[in-house]
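Engineer: Quick one: structure below, then a few questions.
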Amino acid sequence: MKSNPQTFLIALLLALVGVLLAWVFFGALTGYQGDRLATLALSRVPDSGVSHPVTSVLLNYRAHDTLMELAVLLAALLGIWSLGPAAAPYQPASLVLASLVGWVVPMLILVGGYLLWAGGHAPGGAFQAGALLGAAGVTLALSGKANAGLPGEPGLRVLAALGALIFALVGLALMGLGRGFLTYPPAIAKWLILLIETGATLSIGATLAAAFLGGLPVACAHPRTPFTLLRIRIVLPVARADTRT
Amino acid sequence: MIDPLALAVALPLLGALAITMLPSAARTLGLLAALATTAAALWVTLLVWGGGAPRSELGGWGTPLGIALRADGLAAALLTMANVVGLAVSVHATGYFGATAASRHFWPLWLLLWTALNGLFLAADLFHLYVMLELMGLSAAALGALSGTREAAQASLRYLLVGLLGSMTYLLGVALVYTAYGSLDLALVAGAMTPGPVAWAAGALLIGALLLKSALFPMHFWLPPAHANAPAPVSAVLSALVVKAAVYLVLRFWLELCDGIATEAAGLLLGMLGAAAVLWGSWRALRAERLKLLAAYSTVAQIGYLFLFFPLLAATPAGPERDQLITALVLLALTHGFAKAGFFLAAGLVQKSTGHDRIRELGGAAQSLPAVTFALGLAGVALIGLPPSGTFFAKWVLLARAITLGQWWWVPVVMVGTLLAAGYVFRVLARAFTREPTPRCFVTDARTEVPALLLAILAALGMGLAAHPLTVLLGTGG
Amino acid sequence: MSEAVLTQILYGGVGILLFLLGVWSFLIHAPLLRKLIALNVMGAGVFHLLVAVAYRGLQAPPDPVPHALVLTGIVVAVSATALALAFGRRLEREEPDDD
């Protein structure tokens with residue numbers, strides 16, 4: 001903590017700035033006649049493919065902002081991974097915690113899925129659903145599961161990049177079809193937005209849970225994740241085919 | 001119809017995503033993405049050069065509801081410089097990082113930083129600029145810590161925190177602008193802004209935040225350790241591009257938003273801080289013991305030169321003299337971008353081959369790494385401002401205008417700064433040439449040395465010749 | 001002065017107060033965690049201001065654009081905080097990493 005006179009001086013200076021800012025804010029608020037962007041945004045909502053105005057702004061009018069925001073999330077995750085390995089997992093949960101987690105995590109996933117769908121007509125959407133999935137991952141990590149229940153590194157990398165990838169590919173496809181980058185045709189806008197939001201939800205959930213782990217994930221800890229099952233099923237028949245010759 | 005503006009931002013992003021999913025192919029995918037992005041950026045510049053003003057309304061909504069990307073002369077000039085430097089750094093990095101673990105972390109972060117840079121130069125929306133600034137800050141901070149040392153991590157963390165302080169202040173400015181003018185589009189807000197306390201407050205918040213990010217004295221304290229401790233390709237990008245992007249935004253806001261609002265007093269303040277930066281930065285560079293620290297302090301000084309233009313801009317009404325000043329400013333920024341990038345890449349190669357970058361013990365570097373030392377020398381020429389580098393022309397215009405306007409006090413500042421720059425450049429070169437057997441070959445590792453050399457040649461020789469084309473470019477498209 | 005504007009001024013004023021508190025704490029306190037909390041408080045202040053601008057009274061639906069800006073801002077702030085915390089963890093480790 002800095003010395004007292006400096007602290008007091010900074011506080012005084014900031015108080016002066018605060019008074020000025022408050023006065024300026026009052027002037028700006030009362031000086032502007034009209035609705036700013038509200039009427040324009042609300043009037044174009046029927047053309048945007050969804051019925052909730054905030055989702056229209058996020059996923060349609062200012063979709064490029066949201067795309068770049070997904071890139072910011074990815075940049076943070078990549079930065080966290082570059083700083084070192086993840087911490088050792090917590091101790092495995094006792095009976096009470098494990099049972100509770102067994103109830104809470106499926107609920108979180110379910111509500112997350114609901115929020116993703118509801119985002120089209122009510123408050124909700126990709127970020128809210130992704131936050132709930134991230135919370136599910138954090139809960140799993142706190143109860144002792146290694147890797148917060150996430151797949152191993154290759155699968156996790158795909159998940160982390162998926163949201164922005166779908167978003168950018170949709171944009172490029174629309175540009176290639178002659179409509180312009182991220183210009184949705186009003187007929188299929190709703191489904192495009194749902195597609196983008198689904199990818200984004202998975203991405204955001206995985207990114208937040210992986211960020212909570214704090215570093216590069218440990219090498220595939222759980223032999224029973226869907227990805228390893230897939231690998232075992234594909235590898236085994238090939239191996240058997242080899243021995244047959 | 002293919003939209004080069006959106007491509008210039010989307011291609012590096014796709015590259016970063018591809019490398020995230022397939023880290024084993026990092027170098028190949030990275031180089032491919034670099035080539036594609038540079039092609040898109042050069043396409044944009046060609047469009048502007050041909051007299052067009054490309055504009056892309058993303059989502060088809062048009063302003064003020066949607067976000068627009070636009071390229072005018074100023075944006076195109078900086079876009080070109082950023083992408084050429086980016087390509088050179090990418091080629092260099094394929095050799096510098098090789099196939100180590102650091103390489104897998106470097107490529108996706110670097111491509112995300114490139115996305116942010118291209119997006120920043122092309123964006124015409126205040127909040128979109130905020131997101132770009134944050135992407136730039138996060139990826140730059142993560143890249144800065146890649147050398148793995150503790151000092152690098154500390155310096156990067158300081159850079160990140162200072163950057164976040166700036167970003168939050170910027171966001172407050174954007175909120176105030178939206179409150180007062182009901183729009184986030186740069187052109188619409190510029191049209192609606194009238195002189196008054198609201199405009200001054202918003203301008204002060206926005207530009208103040210950007211001054212923090214452009215390391216103007218006295219808010220430069222975070223730059224030298226961050227740039228000196230980062231890996232060499234990262235330092236090149238940080239000094240040449242990231243700081244330049246913030247200065248570009250200050251210039252853009254000064255010219256468009258605060259037109260008629262920015263007073264001469266504000267310009268004088270920026271000029272005085274710039275003068276202090278020139279003198280302090282050059283002095284510390286002269287006293288630096290390490291090559292990369294010298295280069296970092298030199299960046300502080302060169303940024304100061306850019307801000308010396310502002311009091312002159314404030315005192316010059318719109319017209320051909322003002323255009324000439326702006327051209328000179330942009331020429332100085334571009335030349336410094338090329339020169340500093342070449343200097344850092346060369347310094348990194350010296351550090352890699354000798355194991356350290358202490359200036360006292362550089363003896364014989366000219367003999368073991370001739371191309372690298374040549375690059376250092378040429379970059380130094382551009383940093384000092386010897387003809388025919390772009391710096392020479394820019395400083396000439398600066399001095400001429402200052403004398404014409406009667407603001408003669410900037411002249412001794414520029415002269416002392418140039419003298420100190422000559423001092424620290426010659427100090428490095430003098431140590432590099434000692435009596436050793438003559439070298440056998442000029443270039444030992446083409447992939448890493450040639451980009452540094454090319455950047456330095458561009459800075460020292462190319463940019464002087466580019467002065468007139470730059471005037472044409474800035475004249476077209478606004 | 002209408003009820004809506006009064007609410008906006010109150011809410012926005014609190015936002016400005018939070019912002020300044022955050023700046024003060026950021027400048028004064030040295031530990032990383034306090035600086036990060038300060039940055040988040042600053043962010044919360046700006047978000048308060050944006051939400052205040054979006055309010056158009058009890059009868060009219062709010063302006064969706066500032067709400068979207070706040071959502072984006074929250075995600076960006078979370079990402080930045082996560083990265084800064086990872087830096088903090090890195091610096092807490094005893095032995096410095098090798099290349």
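Going through the structure tokens in order, the chains are called A, B, and so on, while each chain numbers its residues from 1 and the ligands are numbered from 1 in the order shown.
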Please produce, as JSON lines, a per-residue contact table for chain C versus chain B (criterion: any atom at most 10 Å away, only C-alpha atoms considered), showing the nearest atom pair and its distance in Å to one decimal, sorted by chain then residue number.

Structural biologist:
```
{"residue": "C:Gly15", "atom": "CA", "partner": "B:Leu172", "partner_atom": "CA", "distance": 9.9}
{"residue": "C:Ile16", "atom": "CA", "partner": "B:Leu172", "partner_atom": "CA", "distance": 8.9}
{"residue": "C:Phe19", "atom": "CA", "partner": "B:Leu172", "partner_atom": "CA", "distance": 8.6}
{"residue": "C:Gly22", "atom": "CA", "partner": "B:Leu165", "partner_atom": "CA", "distance": 9.6}
{"residue": "C:Val23", "atom": "CA", "partner": "B:Leu165", "partner_atom": "CA", "distance": 7.9}
{"residue": "C:Phe26", "atom": "CA", "partner": "B:Leu165", "partner_atom": "CA", "distance": 8.4}
{"residue": "C:Leu27", "atom": "CA", "partner": "B:Leu165", "partner_atom": "CA", "distance": 9.8}
{"residue": "C:Leu32", "atom": "CA", "partner": "B:Leu161", "partner_atom": "CA", "distance": 9.2}
{"residue": "C:Lys35", "atom": "CA", "partner": "B:Leu161", "partner_atom": "CA", "distance": 8.0}
{"residue": "C:Leu36", "atom": "CA", "partner": "B:Leu161", "partner_atom": "CA", "distance": 8.1}
{"residue": "C:Ala38", "atom": "CA", "partner": "B:Leu165", "partner_atom": "CA", "distance": 9.6}
{"residue": "C:Leu39", "atom": "CA", "partner": "B:Leu165", "partner_atom": "CA", "distance": 6.9}
{"residue": "C:Asn40", "atom": "CA", "partner": "B:Met168", "partner_atom": "CA", "distance": 9.2}
{"residue": "C:Met42", "atom": "CA", "partner": "B:Met168", "partner_atom": "CA", "distance": 6.8}
{"residue": "C:Gly43", "atom": "CA", "partner": "B:Met168", "partner_atom": "CA", "distance": 6.2}
{"residue": "C:Ala44", "atom": "CA", "partner": "B:Met168", "partner_atom": "CA", "distance": 9.8}
{"residue": "C:Gly45", "atom": "CA", "partner": "B:Leu172", "partner_atom": "CA", "distance": 8.7}
{"residue": "C:Val46", "atom": "CA", "partner": "B:Leu172", "partner_atom": "CA", "distance": 5.6}
{"residue": "C:Phe47", "atom": "CA", "partner": "B:Ala175", "partner_atom": "CA", "distance": 8.7}
{"residue": "C:Leu49", "atom": "CA", "partner": "B:Ala175", "partner_atom": "CA", "distance": 7.1}
{"residue": "C:Leu50", "atom": "CA", "partner": "B:Ala175", "partner_atom": "CA", "distance": 6.0}
{"residue": "C:Val51", "atom": "CA", "partner": "B:Ala175", "partner_atom": "CA", "distance": 9.8}
{"residue": "C:Ala52", "atom": "CA", "partner": "B:Thr179", "partner_atom": "CA", "distance": 9.5}
{"residue": "C:Val53", "atom": "CA", "partner": "B:Thr179", "partner_atom": "CA", "distance": 6.3}
{"residue": "C:Ala54", "atom": "CA", "partner": "B:Thr179", "partner_atom": "CA", "distance": 9.1}
{"residue": "C:Val65", "atom": "CA", "partner": "B:Leu65", "partner_atom": "CA", "distance": 8.7}
{"residue": "C:Pro66", "atom": "CA", "partner": "B:Ala175", "partner_atom": "CA", "distance": 8.4}
{"residue": "C:Leu69", "atom": "CA", "partner": "B:Phe127", "partner_atom": "CA", "distance": 7.7}
{"residue": "C:Thr72", "atom": "CA", "partner": "B:Val131", "partner_atom": "CA", "distance": 8.4}
{"residue": "C:Gly73", "atom": "CA", "partner": "B:Val131", "partner_atom": "CA", "distance": 8.3}
{"residue": "C:Val76", "atom": "CA", "partner": "B:Glu134", "partner_atom": "CA", "distance": 7.4}
{"residue": "C:Ala77", "atom": "CA", "partner": "B:Leu164", "partner_atom": "CA", "distance": 8.7}
{"residue": "C:Ser79", "atom": "CA", "partner": "B:Leu138", "partner_atom": "CA", "distance": 8.6}
{"residue": "C:Ala80", "atom": "CA", "partner": "B:Leu138", "partner_atom": "CA", "distance": 6.7}
{"residue": "C:Thr81", "atom": "CA", "partner": "B:Leu164", "partner_atom": "CA", "distance": 9.4}
{"residue": "C:Leu83", "atom": "CA", "partner": "B:Leu138", "partner_atom": "CA", "distance": 7.8}
{"residue": "C:Ala84", "atom": "CA", "partner": "B:Leu157", "partner_atom": "CA", "distance": 6.6}
{"residue": "C:Leu85", "atom": "CA", "partner": "B:Leu157", "partner_atom": "CA", "distance": 9.4}
{"residue": "C:Ala86", "atom": "CA", "partner": "B:Leu157", "partner_atom": "CA", "distance": 9.7}
{"residue": "C:Phe87", "atom": "CA", "partner": "B:Leu157", "partner_atom": "CA", "distance": 6.4}
{"residue": "C:Gly88", "atom": "CA", "partner": "B:Leu157", "partner_atom": "CA", "distance": 8.0}
{"residue": "C:Arg90", "atom": "CA", "partner": "B:Ala153", "partner_atom": "CA", "distance": 7.6}
{"residue": "C:Leu91", "atom": "CA", "partner": "B:Arg150", "partner_atom": "CA", "distance": 6.8}
{"residue": "C:Glu92", "atom": "CA", "partner": "B:Arg150", "partner_atom": "CA", "distance": 9.9}
{"residue": "C:Arg93", "atom": "CA", "partner": "B:Arg150", "partner_atom": "CA", "distance": 9.5}
{"residue": "C:Glu94", "atom": "CA", "partner": "B:Arg150", "partner_atom": "CA", "distance": 9.9}
{"residue": "C:Glu95", "atom": "CA", "partner": "B:Arg150", "partner_atom": "CA", "distance": 8.9}
{"residue": "C:Pro96", "atom": "CA", "partner": "B:Arg150", "partner_atom": "CA", "distance": 5.7}
{"residue": "C:Asp97", "atom": "CA", "partner": "B:Gly148", "partner_atom": "CA", "distance": 5.6}
{"residue": "C:Asp98", "atom": "CA", "partner": "B:Gly148", "partner_atom": "CA", "distance": 6.2}
{"residue": "C:Asp99", "atom": "CA", "partner": "B:Gly148", "partner_atom": "CA", "distance": 5.5}
```

Engineer: Any chance you could tabulate, as a Markdown table, the residues of range 48-72 of chain B at most 6 Å from range 170-194 of chain A with each one's nearest atom pair and distance in Å to one decimal, using only C-alpha atoms, in chain and rising number order?

Structural biologist:
```
| residue | atom | partner | partner_atom | distance |
| --- | --- | --- | --- | --- |
| B:Leu58 | CA | A:Phe181 | CA | 5.9 |
| B:Gly59 | CA | A:Thr183 | CA | 3.8 |
| B:Gly60 | CA | A:Thr183 | CA | 5.4 |
```

Engineer: Dump as a Markdown table the rows for residues of chain A within 7 Å of chain B: closest atom pair and distance in Å with one decimal, only C-alpha atoms counted, ordered by chain and rising residue number.

Structural biologist:
```
| residue | atom | partner | partner_atom | distance |
| --- | --- | --- | --- | --- |
| A:Val24 | CA | B:Val198 | CA | 5.4 |
| A:Phe25 | CA | B:Leu176 | CA | 6.9 |
| A:Ala28 | CA | B:Ala180 | CA | 4.3 |
| A:Leu29 | CA | B:Thr179 | CA | 5.9 |
| A:Gly31 | CA | B:Ala180 | CA | 6.9 |
| A:Tyr32 | CA | B:Ala180 | CA | 5.7 |
| A:Arg36 | CA | B:Gly182 | CA | 4.1 |
| A:Leu37 | CA | B:Gly182 | CA | 6.2 |
| A:Ala41 | CA | B:Leu65 | CA | 6.7 |
| A:Asn60 | CA | B:Gly59 | CA | 6.6 |
| A:Tyr61 | CA | B:Gly66 | CA | 4.8 |
| A:Arg62 | CA | B:Gly66 | CA | 5.5 |
| A:Asp65 | CA | B:His128 | CA | 6.0 |
| A:Met68 | CA | B:Val131 | CA | 6.8 |
| A:Glu69 | CA | B:Val131 | CA | 6.7 |
| A:Val72 | CA | B:Leu135 | CA | 5.1 |
| A:Ala75 | CA | B:Ser139 | CA | 5.8 |
| A:Ala76 | CA | B:Leu138 | CA | 6.5 |
| A:Leu78 | CA | B:Leu109 | CA | 6.9 |
| A:Gly79 | CA | B:Ala142 | CA | 4.8 |
| A:Ser82 | CA | B:His105 | CA | 5.8 |
| A:Arg157 | CA | B:Met21 | CA | 5.2 |
| A:Val158 | CA | B:Met21 | CA | 5.1 |
| A:Ala161 | CA | B:Leu17 | CA | 5.5 |
| A:Leu165 | CA | B:Leu17 | CA | 6.5 |
| A:Ala168 | CA | B:Ala10 | CA | 6.8 |
| A:Met175 | CA | B:Ile2 | CA | 6.3 |
| A:Gly176 | CA | B:Ile2 | CA | 6.5 |
| A:Gly178 | CA | B:Met1 | CA | 5.0 |
| A:Phe181 | CA | B:Leu58 | CA | 5.9 |
| A:Leu182 | CA | B:Gly59 | CA | 4.9 |
| A:Thr183 | CA | B:Gly59 | CA | 3.8 |
| A:Tyr184 | CA | B:Gly59 | CA | 6.8 |
```

Engineer: Please indicate the distance in Å from CA of Pro231 in chain B to CA of Ile384 in chain B, rounded to one decimal place.

Structural biologist: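 Rounded to one decimal, the two atoms are 24.5 Å apart.
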
Engineer: Would you list the contacts of Gly112 in chain A as a list in words, taking every protein, DNA or RNA residue within 7 Å and counting only C-alpha atoms, but skipping same-chain residues closer than 5 positions in sequence?

Structural biologist: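 Once the nearby chain positions are removed, what remains is Ala129, Gly130, Leu132 and Leu133 of chain A.
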
Engineer: Could those residues be written to a file, using N, CA and C atoms, as an mmCIF file, in the first residue's frame?

Structural biologist:
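result.cif, written as the output of this step:
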```cif
data_model
loop_
_atom_site.group_PDB
_atom_site.id
_atom_site.type_symbol
_atom_site.label_atom_id
_atom_site.label_comp_id
_atom_site.auth_asym_id
_atom_site.auth_seq_id
_atom_site.Cartn_x
_atom_site.Cartn_y
_atom_site.Cartn_z
ATOM 1 N N ALA A 129 -25.743 -20.177 -21.445
ATOM 2 C CA ALA A 129 -25.678 -21.643 -21.406
ATOM 3 C C ALA A 129 -24.244 -22.116 -21.219
ATOM 4 N N GLY A 130 -23.324 -21.464 -21.914
ATOM 5 C CA GLY A 130 -21.921 -21.830 -21.782
ATOM 6 C C GLY A 130 -21.413 -21.619 -20.368
ATOM 7 N N LEU A 132 -23.173 -21.899 -17.669
ATOM 8 C CA LEU A 132 -23.665 -23.001 -16.835
ATOM 9 C C LEU A 132 -22.860 -24.271 -17.067
ATOM 10 N N LEU A 133 -22.524 -24.540 -18.330
ATOM 11 C CA LEU A 133 -21.696 -25.722 -18.598
ATOM 12 C C LEU A 133 -20.325 -25.574 -17.953
#
```

Engineer: Return as JSON lines the residues of chain A lying at most 8 Å from chain C, together with the closest atom-to-atom pair for each and the distance in Å to one decimal, counting only C-alpha atoms, with rows in chain order and ascending residue number.

Structural biologist:
```
{"residue": "A:Met1", "atom": "CA", "partner": "C:His29", "partner_atom": "CA", "distance": 5.1}
{"residue": "A:Lys2", "atom": "CA", "partner": "C:Ile28", "partner_atom": "CA", "distance": 5.8}
{"residue": "A:Thr7", "atom": "CA", "partner": "C:Ile28", "partner_atom": "CA", "distance": 6.6}
{"residue": "A:Ile10", "atom": "CA", "partner": "C:Trp24", "partner_atom": "CA", "distance": 7.0}
{"residue": "A:Ala11", "atom": "CA", "partner": "C:Trp24", "partner_atom": "CA", "distance": 6.5}
{"residue": "A:Leu14", "atom": "CA", "partner": "C:Leu20", "partner_atom": "CA", "distance": 6.4}
{"residue": "A:Ala15", "atom": "CA", "partner": "C:Leu20", "partner_atom": "CA", "distance": 7.7}
{"residue": "A:Gly18", "atom": "CA", "partner": "C:Leu20", "partner_atom": "CA", "distance": 6.7}
{"residue": "A:Leu21", "atom": "CA", "partner": "C:Ile16", "partner_atom": "CA", "distance": 7.4}
{"residue": "A:Ala22", "atom": "CA", "partner": "C:Gly13", "partner_atom": "CA", "distance": 6.2}
{"residue": "A:Phe25", "atom": "CA", "partner": "C:Gly12", "partner_atom": "CA", "distance": 7.9}
{"residue": "A:Phe26", "atom": "CA", "partner": "C:Ile9", "partner_atom": "CA", "distance": 6.6}
{"residue": "A:Leu29", "atom": "CA", "partner": "C:Val53", "partner_atom": "CA", "distance": 7.7}
{"residue": "A:Thr30", "atom": "CA", "partner": "C:Val5", "partner_atom": "CA", "distance": 7.7}
{"residue": "A:Leu37", "atom": "CA", "partner": "C:Asp63", "partner_atom": "CA", "distance": 7.0}
{"residue": "A:Ala38", "atom": "CA", "partner": "C:Asp63", "partner_atom": "CA", "distance": 4.4}
{"residue": "A:Thr39", "atom": "CA", "partner": "C:Asp63", "partner_atom": "CA", "distance": 7.8}
{"residue": "A:Ala41", "atom": "CA", "partner": "C:Pro64", "partner_atom": "CA", "distance": 7.2}
{"residue": "A:Leu42", "atom": "CA", "partner": "C:Pro64", "partner_atom": "CA", "distance": 7.7}
{"residue": "A:Pro53", "atom": "CA", "partner": "C:Pro64", "partner_atom": "CA", "distance": 5.8}
{"residue": "A:Val54", "atom": "CA", "partner": "C:Pro64", "partner_atom": "CA", "distance": 5.0}
{"residue": "A:Thr55", "atom": "CA", "partner": "C:Ala68", "partner_atom": "CA", "distance": 7.8}
{"residue": "A:Val57", "atom": "CA", "partner": "C:Val65", "partner_atom": "CA", "distance": 6.3}
{"residue": "A:Leu58", "atom": "CA", "partner": "C:Ala68", "partner_atom": "CA", "distance": 5.8}
{"residue": "A:Asp65", "atom": "CA", "partner": "C:Thr72", "partner_atom": "CA", "distance": 7.8}
{"residue": "A:Thr66", "atom": "CA", "partner": "C:Thr72", "partner_atom": "CA", "distance": 7.0}
{"residue": "A:Glu69", "atom": "CA", "partner": "C:Thr72", "partner_atom": "CA", "distance": 6.7}
{"residue": "A:Val72", "atom": "CA", "partner": "C:Val76", "partner_atom": "CA", "distance": 6.6}
{"residue": "A:Leu73", "atom": "CA", "partner": "C:Ser79", "partner_atom": "CA", "distance": 5.5}
{"residue": "A:Ala76", "atom": "CA", "partner": "C:Leu83", "partner_atom": "CA", "distance": 5.5}
{"residue": "A:Leu77", "atom": "CA", "partner": "C:Leu83", "partner_atom": "CA", "distance": 7.4}
{"residue": "A:Gly79", "atom": "CA", "partner": "C:Leu83", "partner_atom": "CA", "distance": 6.5}
{"residue": "A:Ile80", "atom": "CA", "partner": "C:Leu83", "partner_atom": "CA", "distance": 5.7}
{"residue": "A:Leu83", "atom": "CA", "partner": "C:Arg90", "partner_atom": "CA", "distance": 6.4}
{"residue": "A:Gly84", "atom": "CA", "partner": "C:Arg90", "partner_atom": "CA", "distance": 7.2}
{"residue": "A:Ala211", "atom": "CA", "partner": "C:Ala82", "partner_atom": "CA", "distance": 6.6}
{"residue": "A:Phe212", "atom": "CA", "partner": "C:Ala82", "partner_atom": "CA", "distance": 7.7}
{"residue": "A:Gly214", "atom": "CA", "partner": "C:Ala86", "partner_atom": "CA", "distance": 6.1}
{"residue": "A:Gly215", "atom": "CA", "partner": "C:Ala86", "partner_atom": "CA", "distance": 7.7}
```

Engineer: Neighbouring residues of range 144-155 of chain A were defined as those with any atom within 6 Å, considering only C-alpha atoms; residues of the same chain fewer than 4 positions away were excluded. Please report them as a ChimeraX atom specification.

Structural biologist: /A:89-93,137,140,220

Engineer: Next, the residues of the selection above should be written as a PDB file, in the first residue's frame with N, CA and C atoms.

Structural biologist:
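Printed below is part38.pdb as written:
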```pdb
ATOM      1  N   PRO A  89      -5.184 -32.442  -9.363  1.00  0.00           N
ATOM      2  CA  PRO A  89      -6.624 -32.426  -9.048  1.00  0.00           C
ATOM      3  C   PRO A  89      -6.878 -32.437  -7.546  1.00  0.00           C
ATOM      4  N   TYR A  90      -8.059 -31.979  -7.147  1.00  0.00           N
ATOM      5  CA  TYR A  90      -8.441 -31.996  -5.746  1.00  0.00           C
ATOM      6  C   TYR A  90      -8.627 -33.431  -5.283  1.00  0.00           C
ATOM      7  N   GLN A  91      -8.710 -33.591  -3.983  1.00  0.00           N
ATOM      8  CA  GLN A  91      -8.922 -34.947  -3.476  1.00  0.00           C
ATOM      9  C   GLN A  91     -10.323 -35.415  -3.862  1.00  0.00           C
ATOM     10  N   PRO A  92     -10.489 -36.738  -4.095  1.00  0.00           N
ATOM     11  CA  PRO A  92     -11.801 -37.233  -4.531  1.00  0.00           C
ATOM     12  C   PRO A  92     -12.863 -36.935  -3.475  1.00  0.00           C
ATOM     13  N   ALA A  93     -14.089 -36.705  -3.940  1.00  0.00           N
ATOM     14  CA  ALA A  93     -15.144 -36.243  -3.046  1.00  0.00           C
ATOM     15  C   ALA A  93     -15.601 -37.365  -2.124  1.00  0.00           C
ATOM     16  N   GLY A 137     -18.472 -27.937 -15.156  1.00  0.00           N
ATOM     17  CA  GLY A 137     -17.093 -28.400 -15.176  1.00  0.00           C
ATOM     18  C   GLY A 137     -16.357 -28.045 -13.893  1.00  0.00           C
ATOM     19  N   LEU A 140     -17.372 -30.326 -11.120  1.00  0.00           N
ATOM     20  CA  LEU A 140     -16.697 -31.623 -11.241  1.00  0.00           C
ATOM     21  C   LEU A 140     -15.250 -31.533 -10.782  1.00  0.00           C
ATOM     22  N   CYS A 220      -4.547 -37.930 -20.960  1.00  0.00           N
ATOM     23  CA  CYS A 220      -5.849 -38.610 -20.862  1.00  0.00           C
ATOM     24  C   CYS A 220      -6.013 -39.452 -19.590  1.00  0.00           C
TER      25      CYS A 220
END
```

Engineer: With distances taken over only C-alpha atoms, which residue among B:Phe392, B:Trp408, B:Phe344, B:Trp107 lies nearest Lys292 in chain B?

Structural biologist: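 Nearest candidate to Lys292 in chain B out of B:Phe392, B:Trp408, B:Phe344, B:Trp107: B:Phe344.
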
Engineer: Going by DSSP on the backbone, which residues of chain C come out as helix (DSSP H, G or I)? List them as number ranges by chain.

Structural biologist: C: 3-28, 32-54, 64-92

Engineer: Which residues come within 12 Å of Leu47 in chain B, counting only C-alpha atoms, excluding same-chain residues fewer than 2 positions away, as a VMD selection string?

Structural biologist: chain B and resid 3 to 5 40 to 45 49 to 55 70 to 73 76 to 77 473 476 to 477

Engineer: To one decimal place in Å, what is the distance between CA of Leu18 in chain C and CA of Val41 in chain C?

Structural biologist: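 Distance between the two atoms: 6.2 Å.
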
Engineer: What's the separation between CA of Gly380 in chain B and CA of Gly304 in chain B, in Å to one decimal place?

Structural biologist: 17.1 Å

Engineer: Need the shell around Thr201 in chain A: protein/DNA/RNA residues with any atom at most 7 Å away, counting only C-alpha atoms. Skip same-chain ones fewer than 2 positions apart. Format as number ranges by chain?

Structural biologist: A: 126-127, 129-130, 197-199, 203-205

Engineer: Those selected residues, please, written with N, CA and C atoms and delivered as a short mmCIF file (atom, residue, chain, number, x, y, z; two decimals), in the first residue's frame.

Structural biologist:
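Result written to result-v7.cif:
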```cif
data_model
loop_
_atom_site.label_atom_id
_atom_site.label_comp_id
_atom_site.auth_asym_id
_atom_site.auth_seq_id
_atom_site.Cartn_x
_atom_site.Cartn_y
_atom_site.Cartn_z
N ALA A 126 -26.17 -18.32 -26.00
CA ALA A 126 -24.95 -19.12 -25.96
C ALA A 126 -24.12 -18.84 -24.72
N PHE A 127 -23.96 -17.57 -24.35
CA PHE A 127 -23.04 -17.26 -23.26
C PHE A 127 -23.57 -17.72 -21.93
N ALA A 129 -25.74 -20.18 -21.45
CA ALA A 129 -25.68 -21.64 -21.41
C ALA A 129 -24.24 -22.12 -21.22
N GLY A 130 -23.32 -21.46 -21.91
CA GLY A 130 -21.92 -21.83 -21.78
C GLY A 130 -21.41 -21.62 -20.37
N GLU A 197 -24.92 -20.73 -32.11
CA GLU A 197 -25.01 -20.68 -30.66
C GLU A 197 -24.69 -22.03 -30.03
N THR A 198 -25.06 -23.13 -30.68
CA THR A 198 -24.75 -24.45 -30.11
C THR A 198 -23.24 -24.64 -30.04
N GLY A 199 -22.57 -24.36 -31.18
CA GLY A 199 -21.12 -24.47 -31.17
C GLY A 199 -20.50 -23.58 -30.11
N SER A 203 -18.18 -24.52 -26.82
CA SER A 203 -16.87 -23.90 -26.74
C SER A 203 -16.68 -23.14 -25.44
N ILE A 204 -17.69 -22.31 -25.11
CA ILE A 204 -17.56 -21.46 -23.94
C ILE A 204 -17.51 -22.32 -22.69
N GLY A 205 -18.37 -23.35 -22.62
CA GLY A 205 -18.34 -24.22 -21.45
C GLY A 205 -16.99 -24.88 -21.28
#
```
